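protein-v6.cif follows (mmCIF, C-alpha atoms):
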```cif
data_protein
#
loop_
_atom_site.label_atom_id
_atom_site.label_comp_id
_atom_site.auth_asym_id
_atom_site.auth_seq_id
_atom_site.Cartn_x
_atom_site.Cartn_y
_atom_site.Cartn_z
CA MET A 1053 85.03 143.08 94.37
CA THR A 1054 87.85 145.59 94.13
CA ALA A 1055 90.26 145.82 91.22
CA VAL A 1056 93.12 144.49 93.40
CA GLU A 1057 91.11 141.45 94.51
CA ASN A 1058 90.05 140.83 90.93
CA SER A 1059 93.65 140.94 89.71
CA GLU A 1060 94.74 138.56 92.49
CA SER A 1061 92.01 136.03 91.60
CA VAL A 1062 93.08 136.17 87.95
CA ALA A 1063 96.73 135.72 88.91
CA VAL A 1064 96.18 132.54 90.89
CA ARG A 1065 93.91 130.95 88.30
CA PRO A 1066 95.71 127.84 86.88
CA ASP A 1067 96.72 127.91 83.25
CA PRO A 1068 95.21 124.86 81.48
CA ARG A 1069 97.69 125.21 78.62
CA GLY A 1070 100.62 125.05 81.02
CA ARG A 1071 99.16 121.97 82.67
CA ALA A 1072 98.66 120.31 79.30
CA ARG A 1073 102.28 121.09 78.37
CA SER A 1074 103.46 119.56 81.66
CA VAL A 1075 101.43 116.40 81.02
CA ALA A 1076 102.76 116.18 77.46
CA ARG A 1077 106.33 116.67 78.69
CA TRP A 1078 105.93 113.98 81.36
CA THR A 1079 104.38 111.60 78.82
CA GLY A 1080 107.27 112.17 76.42
CA GLU A 1081 109.86 111.53 79.13
CA HIS A 1082 108.08 108.44 80.49
CA TRP A 1083 106.53 107.02 77.32
CA THR A 1084 107.52 103.48 78.29
CA VAL A 1085 105.57 103.82 81.55
CA VAL A 1086 102.55 105.08 79.60
CA LEU A 1087 102.86 102.17 77.16
CA ALA A 1088 103.08 99.68 80.04
CA ALA A 1089 100.02 101.24 81.69
CA VAL A 1090 98.11 101.00 78.39
CA VAL A 1091 99.00 97.31 78.03
CA VAL A 1092 97.95 96.49 81.61
CA GLY A 1093 94.81 98.64 81.33
CA THR A 1094 93.78 96.99 78.05
CA VAL A 1095 94.18 93.50 79.49
CA LEU A 1096 92.16 94.51 82.55
CA LEU A 1097 89.38 95.67 80.23
CA TRP A 1098 89.61 92.34 78.41
CA ALA A 1099 88.94 90.60 81.71
CA VAL A 1100 86.08 92.87 82.77
CA VAL A 1101 84.27 93.66 79.50
CA PRO A 1102 85.57 91.34 76.76
CA GLN A 1103 82.42 92.03 74.70
CA LEU A 1104 83.83 95.47 73.86
CA PHE A 1105 86.76 93.89 72.00
CA THR A 1106 85.13 90.99 70.18
CA SER A 1107 81.64 89.77 69.39
CA ILE A 1108 82.76 86.21 68.65
CA ASP A 1109 81.89 83.42 71.07
CA PRO A 1110 85.23 81.95 72.29
CA LEU A 1111 83.60 78.54 72.82
CA ALA A 1112 81.88 78.34 69.41
CA VAL A 1113 83.18 75.29 67.52
CA ASN A 1114 83.32 75.44 63.71
CA PRO A 1115 85.10 72.41 62.15
CA ALA A 1116 84.92 74.02 58.70
CA GLN A 1117 87.17 76.85 59.95
CA LYS A 1118 89.72 74.81 61.91
CA LEU A 1119 93.42 75.74 61.80
CA LYS A 1120 92.87 78.79 59.61
CA PRO A 1121 95.82 81.23 59.48
CA PRO A 1122 95.46 84.85 60.65
CA SER A 1123 93.21 86.86 58.35
CA GLY A 1124 90.78 89.75 58.30
CA GLU A 1125 88.02 87.46 59.56
CA HIS A 1126 90.12 85.77 62.25
CA TRP A 1127 92.88 88.16 63.34
CA PHE A 1128 94.92 85.53 65.19
CA GLY A 1129 93.72 82.52 63.21
CA THR A 1130 91.66 79.59 64.52
CA ASP A 1131 92.51 76.54 66.59
CA GLN A 1132 92.04 72.82 65.95
CA LEU A 1133 88.29 73.08 66.63
CA GLY A 1134 87.73 76.18 64.51
CA ARG A 1135 87.44 78.54 67.49
CA ASP A 1136 88.62 82.12 67.01
CA LEU A 1137 92.01 82.48 68.74
CA TYR A 1138 91.75 86.25 69.26
CA ALA A 1139 88.41 85.84 71.04
CA ARG A 1140 89.85 83.07 73.21
CA ILE A 1141 92.83 85.24 74.18
CA VAL A 1142 90.56 88.16 75.06
CA TYR A 1143 88.20 86.01 77.13
CA GLY A 1144 91.15 84.08 78.56
CA ALA A 1145 92.36 87.25 80.28
CA ARG A 1146 89.60 86.80 82.88
CA ALA A 1147 90.88 83.43 84.09
CA SER A 1148 94.54 84.47 83.93
CA LEU A 1149 94.07 87.73 85.81
CA LEU A 1150 91.59 86.23 88.27
CA GLY A 1151 94.06 83.53 89.24
CA SER A 1152 96.87 86.10 89.52
CA ALA A 1153 94.73 88.46 91.61
CA ILE A 1154 93.80 85.62 93.98
CA ALA A 1155 97.47 84.68 94.27
CA VAL A 1156 98.57 88.23 95.11
CA LEU A 1157 95.69 88.73 97.56
CA VAL A 1158 96.42 85.47 99.39
CA GLY A 1159 100.14 86.23 99.38
CA VAL A 1160 99.63 89.72 100.84
CA LEU A 1161 97.14 88.62 103.51
CA VAL A 1162 99.04 85.55 104.71
CA GLY A 1163 102.42 87.26 104.36
CA SER A 1164 101.24 90.36 106.24
CA LEU A 1165 99.88 88.24 109.09
CA LEU A 1166 103.04 86.16 109.42
CA GLY A 1167 105.31 89.17 109.00
CA ALA A 1168 103.39 91.21 111.57
CA VAL A 1169 103.54 88.40 114.13
CA ALA A 1170 107.25 87.81 113.52
CA GLY A 1171 108.17 91.49 113.58
CA TRP A 1172 106.06 92.50 116.58
CA PHE A 1173 106.62 89.57 118.94
CA ALA A 1174 110.25 88.87 119.75
CA GLY A 1175 111.60 85.55 120.96
CA PHE A 1176 109.93 82.26 120.10
CA PRO A 1177 107.15 83.59 117.77
CA ASP A 1178 109.70 85.46 115.67
CA SER A 1179 112.09 82.49 115.51
CA PHE A 1180 109.30 80.02 114.72
CA VAL A 1181 107.78 82.12 111.90
CA MET A 1182 111.15 82.96 110.35
CA ARG A 1183 112.26 79.30 110.39
CA LEU A 1184 108.94 78.39 108.73
CA ILE A 1185 109.54 81.07 106.09
CA ASP A 1186 113.10 79.79 105.53
CA VAL A 1187 111.75 76.27 104.95
CA VAL A 1188 109.19 77.56 102.42
CA LEU A 1189 111.81 79.62 100.60
CA SER A 1190 114.19 76.65 100.47
CA ILE A 1191 111.70 74.68 98.36
CA PRO A 1192 111.48 75.55 94.63
CA GLY A 1193 108.43 77.81 94.45
CA PHE A 1194 106.76 76.35 91.40
CA LEU A 1195 107.23 72.79 92.65
CA LEU A 1196 105.58 73.79 95.95
CA ALA A 1197 102.71 75.41 94.03
CA ILE A 1198 102.19 72.19 92.04
CA THR A 1199 102.09 70.18 95.27
CA ILE A 1200 99.52 72.50 96.86
CA VAL A 1201 97.26 72.63 93.82
CA VAL A 1202 97.29 68.84 93.58
CA LEU A 1203 96.10 68.71 97.20
CA LEU A 1204 93.44 71.41 96.66
CA GLY A 1205 92.20 70.22 93.28
CA PHE A 1206 92.41 71.58 89.74
CA GLY A 1207 91.00 74.97 88.75
CA VAL A 1208 91.76 78.68 88.58
CA TRP A 1209 90.84 79.38 92.20
CA GLN A 1210 92.88 76.46 93.50
CA ALA A 1211 95.85 77.49 91.36
CA GLY A 1212 95.61 81.08 92.63
CA ILE A 1213 95.51 79.96 96.26
CA ALA A 1214 98.46 77.62 95.71
CA VAL A 1215 100.57 80.34 94.10
CA GLY A 1216 99.54 82.82 96.81
CA LEU A 1217 100.56 80.50 99.64
CA THR A 1218 103.87 79.88 97.91
CA THR A 1219 104.68 83.57 97.46
CA SER A 1220 103.43 84.63 100.91
CA ALA A 1221 106.90 83.98 102.37
CA THR A 1222 108.34 86.79 100.26
CA PHE A 1223 105.73 89.24 101.54
CA ALA A 1224 106.24 88.00 105.11
CA ARG A 1225 109.96 88.80 105.11
CA LEU A 1226 109.37 92.29 103.76
CA ILE A 1227 106.51 93.03 106.16
CA ARG A 1228 108.56 91.74 109.10
CA SER A 1229 111.42 94.12 108.34
CA GLU A 1230 109.00 97.04 108.08
CA VAL A 1231 107.20 96.08 111.30
CA VAL A 1232 110.50 95.89 113.18
CA LYS A 1233 111.23 99.48 112.07
CA ALA A 1234 107.72 100.68 112.94
CA ARG A 1235 107.78 98.99 116.35
CA THR A 1236 110.34 101.50 117.65
CA SER A 1237 108.69 104.57 116.06
CA THR A 1238 107.25 107.44 118.10
CA TYR A 1239 103.63 106.96 117.05
CA VAL A 1240 103.71 103.31 118.12
CA GLU A 1241 105.27 104.24 121.46
CA ALA A 1242 102.57 106.89 121.94
CA ALA A 1243 99.83 104.37 121.16
CA THR A 1244 101.34 101.88 123.60
CA THR A 1245 101.58 104.53 126.31
CA SER A 1246 97.93 105.49 125.77
CA GLY A 1247 96.92 101.90 126.57
CA ALA A 1248 95.94 100.71 123.09
CA SER A 1249 95.76 96.95 122.63
CA THR A 1250 98.28 95.02 120.55
CA ALA A 1251 95.64 94.20 117.89
CA ALA A 1252 94.64 97.88 117.65
CA ILE A 1253 98.26 99.04 117.33
CA LEU A 1254 99.00 96.46 114.65
CA GLY A 1255 95.78 97.11 112.74
CA ARG A 1256 95.72 100.91 112.94
CA HIS A 1257 99.37 101.90 112.99
CA VAL A 1258 101.97 99.23 112.27
CA ILE A 1259 100.55 97.31 109.30
CA PRO A 1260 99.12 100.36 107.41
CA ASN A 1261 102.48 102.14 107.73
CA SER A 1262 104.37 99.01 106.70
CA ILE A 1263 102.29 98.13 103.66
CA GLY A 1264 103.59 101.02 101.51
CA PRO A 1265 106.88 99.36 100.44
CA THR A 1266 104.94 96.26 99.37
CA ILE A 1267 103.15 98.11 96.55
CA ALA A 1268 106.05 97.65 94.14
CA LEU A 1269 106.43 94.03 95.26
CA VAL A 1270 102.73 93.44 94.59
CA THR A 1271 103.23 94.55 90.98
CA VAL A 1272 106.23 92.25 90.55
CA GLN A 1273 104.43 89.32 92.16
CA PHE A 1274 101.42 89.96 89.92
CA GLY A 1275 103.61 89.43 86.86
CA ILE A 1276 105.17 86.33 88.39
CA ALA A 1277 101.72 85.02 89.30
CA ILE A 1278 100.58 85.38 85.67
CA ILE A 1279 103.49 83.17 84.56
CA TRP A 1280 102.86 80.59 87.28
CA ILE A 1281 99.10 80.48 86.69
CA ALA A 1282 99.72 80.07 82.96
CA SER A 1283 102.31 77.35 83.67
CA LEU A 1284 99.91 75.44 85.93
CA SER A 1285 97.21 75.67 83.25
CA PHE A 1286 99.76 74.51 80.66
CA LEU A 1287 100.27 71.38 82.78
CA GLY A 1288 96.50 70.89 83.09
CA LEU A 1289 96.36 71.92 86.76
CA GLY A 1290 94.71 75.31 86.29
CA ALA A 1291 91.82 76.30 84.04
CA GLN A 1292 90.05 73.29 82.63
CA PRO A 1293 88.77 72.95 79.04
CA PRO A 1294 86.86 74.33 77.28
CA ASP A 1295 87.39 77.56 79.29
CA PRO A 1296 90.07 79.71 77.66
CA GLU A 1297 93.19 80.68 79.61
CA TRP A 1298 96.51 81.87 78.20
CA GLY A 1299 98.60 78.97 79.48
CA ARG A 1300 95.93 76.53 78.37
CA LEU A 1301 95.95 78.05 74.88
CA VAL A 1302 99.71 77.57 74.64
CA SER A 1303 99.27 73.97 75.77
CA ASP A 1304 96.53 73.32 73.18
CA GLY A 1305 98.66 74.75 70.38
CA ARG A 1306 101.94 73.00 71.20
CA HIS A 1307 100.98 69.95 69.10
CA TYR A 1308 100.82 72.17 66.00
CA ILE A 1309 103.83 74.38 66.72
CA ALA A 1310 105.75 73.20 63.65
CA THR A 1311 102.98 73.88 61.16
CA ARG A 1312 100.54 76.27 62.92
CA GLY A 1313 102.86 78.45 64.95
CA TRP A 1314 100.29 81.16 65.60
CA LEU A 1315 98.46 78.88 68.05
CA THR A 1316 101.31 79.27 70.55
CA LEU A 1317 102.78 82.55 69.30
CA TRP A 1318 99.87 84.89 70.09
CA PRO A 1319 99.00 83.65 73.60
CA GLY A 1320 102.71 83.43 74.40
CA LEU A 1321 103.33 87.00 73.26
CA THR A 1322 100.34 88.15 75.31
CA ILE A 1323 101.82 86.63 78.47
CA VAL A 1324 105.23 88.17 77.75
CA ALA A 1325 103.77 91.63 77.04
CA VAL A 1326 101.66 91.72 80.20
CA VAL A 1327 104.49 90.47 82.45
CA LEU A 1328 106.99 92.95 80.98
CA ALA A 1329 104.49 95.80 81.39
CA ALA A 1330 103.78 94.85 85.01
CA ASN A 1331 107.50 94.63 85.81
CA HIS A 1332 108.16 98.00 84.19
CA LEU A 1333 105.41 99.62 86.25
CA SER A 1334 106.91 98.00 89.34
CA ARG A 1335 110.34 99.50 88.64
CA HIS A 1336 108.74 102.90 88.13
CA LEU A 1337 106.82 102.63 91.42
CA THR A 1338 110.00 101.53 93.20
CA ARG A 1339 111.88 104.61 91.97
CA ARG A 1340 109.01 106.89 92.96
CA THR A 1341 108.64 105.44 96.46
CA SER A 1342 112.38 105.42 97.14
CA ALA A 1343 112.91 109.00 95.87
#
```

Would you write the structure of this file as structure tokens?
Amino acid sequence: MTAVENSESVAVRPDPRGRARSVARWTGEHWTVVLAAVVVGTVLLWAVVPQLFTSIDPLAVNPAQKLKPPSGEHWFGTDQLGRDLYARIVYGARASLLGSAIAVLVGVLVGSLLGAVAGWFAGFPDSFVMRLIDVVLSIPGFLLAITIVVLLGFGVWQAGIAVGLTTSATFARLIRSEVVKARTSTYVEAATTSGASTAAILGRHVIPNSIGPTIALVTVQFGIAIIWIASLSFLGLGAQPPDPEWGRLVSDGRHYIATRGWLTLWPGLTIVAVVLAANHLSRHLTRRTSA
């Protein structure tokens, strides 16, 4: 290798210190985004590997330790059956996030299908789907979710499906507007001219190019789904005892709110923190995608 080539290879070599300074600068400017990501990431780890955060069995009943205040042994105190509240919150993340994930997945799938049909086919299909969406949106969402979960039965999966069907109308309207834009684009016209089928055009071109703007909406709906799943569990329509779930924990502690406030405080704060973090990440993603 010549001296010139050697000097050129050295010149283009990235400076790790400069990259570290850039990361540190970005972290300092967007520390709230980093904090929100840490909150969401921690809760996701709670749901996947709760054993890393506590070794206490969340279902273990100990009457001798019931209604103990927060201490070094029980960080968040104990409930009316002597179960460790911190362990129940950690393990309760699985049911809360599972129900929310099911709700978002159902909402995206059903909403994408309805939105794609309404946006691609003009005339009667578009009018029929949009009138159906208008009817769904005219009904209070949580009331509709309660009605659906009563028909499906009680449980986390049923609550997630009910919330997902309720929120699918929001995804459908957004997807429809994006499909209408994509329908007149050059790549769709080229695919139509080449003889591609409608299903192939929708599956390969229209829906993948229309799904981008829904990323921020998914994050927002995930936070909303957490509140709705917790609310359904609070009413006894979601997770069933003795399984821990954040809304269920708030419901169990409401009878002692005047004297044992920590039973509702800690699960309530957990719900608030996760929803605020998810909404903050959504706003950040919206700014990035619209820039």

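Considering the residues A:Ser1148, A:Ser1123, A:Thr1130, A:Thr1219 and counting all atoms listed in the file, Arg1300 in chain A has its shortest atom-to-atom contact with A:Ser1148.
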
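Minimum atom-to-atom distances from A:Ala1251, A:Val1215, A:Val1258, A:Leu1289 to Thr1236 in chain A were compared using only C-alpha atoms, and the lowest value belongs to A:Val1258.
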
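In terms of minimum interatomic distance to Glu1230 in chain A, A:Ala1168 ranks closest within A:Ala1168, A:Ala1282, A:Leu1157, A:Val1091, counting all atoms listed in the file.
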
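With only C-alpha atoms as the atoms that count, the residue of A:Val1158, A:Gly1275, A:Pro1265, A:Ser1246 with the shortest distance to Thr1218 in chain A is A:Val1158.
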
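The residue that comes closest to Leu1137 in chain A, out of A:Gly1247, A:Pro1121, A:Pro1115, A:Gly1193 and on the basis of all atoms listed in the file, is A:Pro1121.
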
Determine the residue membership of the PyMOL selection byres ((chain A and resi 1166) around 12) for the file above and supply it as a ChimeraX atom specification.
-> /A:1159-1165,1167-1173,1177-1185,1217,1220-1229,1231,1259

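If you count all atoms listed in the file and ignore residues fewer than 6 places along the chain from Leu1087 in chain A, what sits within 10 Å of it is Thr1079, Gly1093, Ala1329, His1332 and Leu1333 of chain A.
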
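CA of Val1201 in chain A sits 8.4 Å away from CA of Gly1290 in chain A.
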
Computed gap from CA of Trp1298 in chain A to CA of Thr1199 in chain A is 21.4 Å

So what do you get for CA of Ile1200 in chain A versus CA of Gly1212 in chain A, distance-wise?
-> 10.3 Å

Would you kindly translate the PyMOL selection byres ((chain A and resi 1318) around 10) into the concrete residues it picks from this file, as a PyMOL selection string?
-> chain A and resi 1128-1129+1137-1138+1141+1298+1301-1302+1313-1317+1319-1324

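Comparing A:Leu1104, A:Leu1119, A:Val1113, A:Ala1089 by their smallest distance to Ile1309 in chain A, the closest is A:Leu1119 (using only C-alpha atoms).
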
Find the spatial neighbours of Arg1135 in chain A, counting only C-alpha atoms, within a cut-off of 8 Å - ignore same-chain residues fewer than 2 positions away - and output them as a list in words.
-> Pro1110, Leu1111, Ala1112, Val1113, Asn1114, Gln1117, Lys1118, Thr1130, Asp1131, Gln1132, Leu1133, Leu1137 and Arg1140 of chain A

Output range 1103-1114 of chain A as a PDB file, in the frame of the given file, making sure all heavy atoms are there.
```
ATOM      1  N   GLN A1103      83.351  91.804  75.814  1.00  0.00           N
ATOM      2  CA  GLN A1103      82.420  92.030  74.700  1.00  0.00           C
ATOM      3  C   GLN A1103      82.747  93.307  73.932  1.00  0.00           C
ATOM      4  O   GLN A1103      82.349  93.446  72.770  1.00  0.00           O
ATOM      5  CB  GLN A1103      80.980  92.102  75.216  1.00  0.00           C
ATOM      6  CG  GLN A1103      80.507  90.865  75.933  1.00  0.00           C
ATOM      7  CD  GLN A1103      80.906  90.843  77.412  1.00  0.00           C
ATOM      8  OE1 GLN A1103      81.576  91.761  77.891  1.00  0.00           O
ATOM      9  NE2 GLN A1103      80.489  89.810  78.125  1.00  0.00           N
ATOM     10  N   LEU A1104      83.473  94.237  74.561  1.00  0.00           N
ATOM     11  CA  LEU A1104      83.830  95.470  73.860  1.00  0.00           C
ATOM     12  C   LEU A1104      84.901  95.234  72.799  1.00  0.00           C
ATOM     13  O   LEU A1104      85.073  96.053  71.902  1.00  0.00           O
ATOM     14  CB  LEU A1104      84.342  96.510  74.865  1.00  0.00           C
ATOM     15  CG  LEU A1104      83.337  97.069  75.872  1.00  0.00           C
ATOM     16  CD1 LEU A1104      84.011  98.084  76.785  1.00  0.00           C
ATOM     17  CD2 LEU A1104      82.158  97.710  75.147  1.00  0.00           C
ATOM     18  N   PHE A1105      85.619  94.124  72.889  1.00  0.00           N
ATOM     19  CA  PHE A1105      86.760  93.890  72.000  1.00  0.00           C
ATOM     20  C   PHE A1105      86.490  92.819  70.960  1.00  0.00           C
ATOM     21  O   PHE A1105      87.206  92.733  69.968  1.00  0.00           O
ATOM     22  CB  PHE A1105      87.988  93.504  72.837  1.00  0.00           C
ATOM     23  CG  PHE A1105      88.435  94.578  73.788  1.00  0.00           C
ATOM     24  CD1 PHE A1105      87.915  94.645  75.078  1.00  0.00           C
ATOM     25  CD2 PHE A1105      89.348  95.541  73.385  1.00  0.00           C
ATOM     26  CE1 PHE A1105      88.324  95.639  75.957  1.00  0.00           C
ATOM     27  CE2 PHE A1105      89.750  96.536  74.250  1.00  0.00           C
ATOM     28  CZ  PHE A1105      89.243  96.588  75.537  1.00  0.00           C
ATOM     29  N   THR A1106      85.484  91.996  71.168  1.00  0.00           N
ATOM     30  CA  THR A1106      85.130  90.990  70.180  1.00  0.00           C
ATOM     31  C   THR A1106      83.695  90.538  70.399  1.00  0.00           C
ATOM     32  O   THR A1106      83.233  90.461  71.539  1.00  0.00           O
ATOM     33  CB  THR A1106      86.077  89.766  70.252  1.00  0.00           C
ATOM     34  OG1 THR A1106      85.668  88.790  69.287  1.00  0.00           O
ATOM     35  CG2 THR A1106      86.072  89.144  71.634  1.00  0.00           C
ATOM     36  N   SER A1107      83.028  90.267  69.306  1.00  0.00           N
ATOM     37  CA  SER A1107      81.640  89.770  69.390  1.00  0.00           C
ATOM     38  C   SER A1107      81.572  88.273  69.135  1.00  0.00           C
ATOM     39  O   SER A1107      80.485  87.702  69.090  1.00  0.00           O
ATOM     40  CB  SER A1107      80.769  90.505  68.358  1.00  0.00           C
ATOM     41  OG  SER A1107      81.294  90.323  67.045  1.00  0.00           O
ATOM     42  N   ILE A1108      82.722  87.636  68.973  1.00  0.00           N
ATOM     43  CA  ILE A1108      82.760  86.210  68.650  1.00  0.00           C
ATOM     44  C   ILE A1108      82.740  85.388  69.939  1.00  0.00           C
ATOM     45  O   ILE A1108      83.405  85.727  70.916  1.00  0.00           O
ATOM     46  CB  ILE A1108      84.033  85.877  67.836  1.00  0.00           C
ATOM     47  CG1 ILE A1108      84.063  86.704  66.543  1.00  0.00           C
ATOM     48  CG2 ILE A1108      84.104  84.401  67.515  1.00  0.00           C
ATOM     49  CD1 ILE A1108      85.315  86.512  65.722  1.00  0.00           C
ATOM     50  N   ASP A1109      81.961  84.323  69.922  1.00  0.00           N
ATOM     51  CA  ASP A1109      81.890  83.420  71.070  1.00  0.00           C
ATOM     52  C   ASP A1109      83.187  82.598  71.123  1.00  0.00           C
ATOM     53  O   ASP A1109      83.514  81.883  70.176  1.00  0.00           O
ATOM     54  CB  ASP A1109      80.684  82.486  70.921  1.00  0.00           C
ATOM     55  CG  ASP A1109      80.505  81.577  72.119  1.00  0.00           C
ATOM     56  OD1 ASP A1109      81.328  81.627  73.057  1.00  0.00           O
ATOM     57  OD2 ASP A1109      79.538  80.787  72.115  1.00  0.00           O
ATOM     58  N   PRO A1110      83.955  82.687  72.230  1.00  0.00           N
ATOM     59  CA  PRO A1110      85.230  81.950  72.290  1.00  0.00           C
ATOM     60  C   PRO A1110      85.054  80.445  72.381  1.00  0.00           C
ATOM     61  O   PRO A1110      86.021  79.700  72.170  1.00  0.00           O
ATOM     62  CB  PRO A1110      85.878  82.501  73.569  1.00  0.00           C
ATOM     63  CG  PRO A1110      84.736  82.926  74.419  1.00  0.00           C
ATOM     64  CD  PRO A1110      83.697  83.447  73.467  1.00  0.00           C
ATOM     65  N   LEU A1111      83.841  79.975  72.689  1.00  0.00           N
ATOM     66  CA  LEU A1111      83.600  78.540  72.820  1.00  0.00           C
ATOM     67  C   LEU A1111      82.918  77.950  71.586  1.00  0.00           C
ATOM     68  O   LEU A1111      82.679  76.734  71.537  1.00  0.00           O
ATOM     69  CB  LEU A1111      82.743  78.254  74.056  1.00  0.00           C
ATOM     70  CG  LEU A1111      83.299  78.754  75.395  1.00  0.00           C
ATOM     71  CD1 LEU A1111      82.341  78.406  76.525  1.00  0.00           C
ATOM     72  CD2 LEU A1111      84.683  78.188  75.660  1.00  0.00           C
ATOM     73  N   ALA A1112      82.597  78.797  70.599  1.00  0.00           N
ATOM     74  CA  ALA A1112      81.880  78.340  69.410  1.00  0.00           C
ATOM     75  C   ALA A1112      82.786  77.476  68.535  1.00  0.00           C
ATOM     76  O   ALA A1112      83.827  77.935  68.067  1.00  0.00           O
ATOM     77  CB  ALA A1112      81.360  79.534  68.617  1.00  0.00           C
ATOM     78  N   VAL A1113      82.399  76.229  68.327  1.00  0.00           N
ATOM     79  CA  VAL A1113      83.180  75.290  67.520  1.00  0.00           C
ATOM     80  C   VAL A1113      82.699  75.329  66.081  1.00  0.00           C
ATOM     81  O   VAL A1113      81.493  75.304  65.819  1.00  0.00           O
ATOM     82  CB  VAL A1113      83.057  73.858  68.086  1.00  0.00           C
ATOM     83  CG1 VAL A1113      83.776  72.858  67.186  1.00  0.00           C
ATOM     84  CG2 VAL A1113      83.611  73.796  69.505  1.00  0.00           C
ATOM     85  N   ASN A1114      83.654  75.405  65.139  1.00  0.00           N
ATOM     86  CA  ASN A1114      83.320  75.440  63.710  1.00  0.00           C
ATOM     87  C   ASN A1114      84.349  74.596  62.961  1.00  0.00           C
ATOM     88  O   ASN A1114      85.400  75.105  62.557  1.00  0.00           O
ATOM     89  CB  ASN A1114      83.326  76.878  63.198  1.00  0.00           C
ATOM     90  CG  ASN A1114      82.826  76.975  61.765  1.00  0.00           C
ATOM     91  OD1 ASN A1114      82.535  75.971  61.116  1.00  0.00           O
ATOM     92  ND2 ASN A1114      82.742  78.197  61.257  1.00  0.00           N
TER      93      ASN A1114
END
```
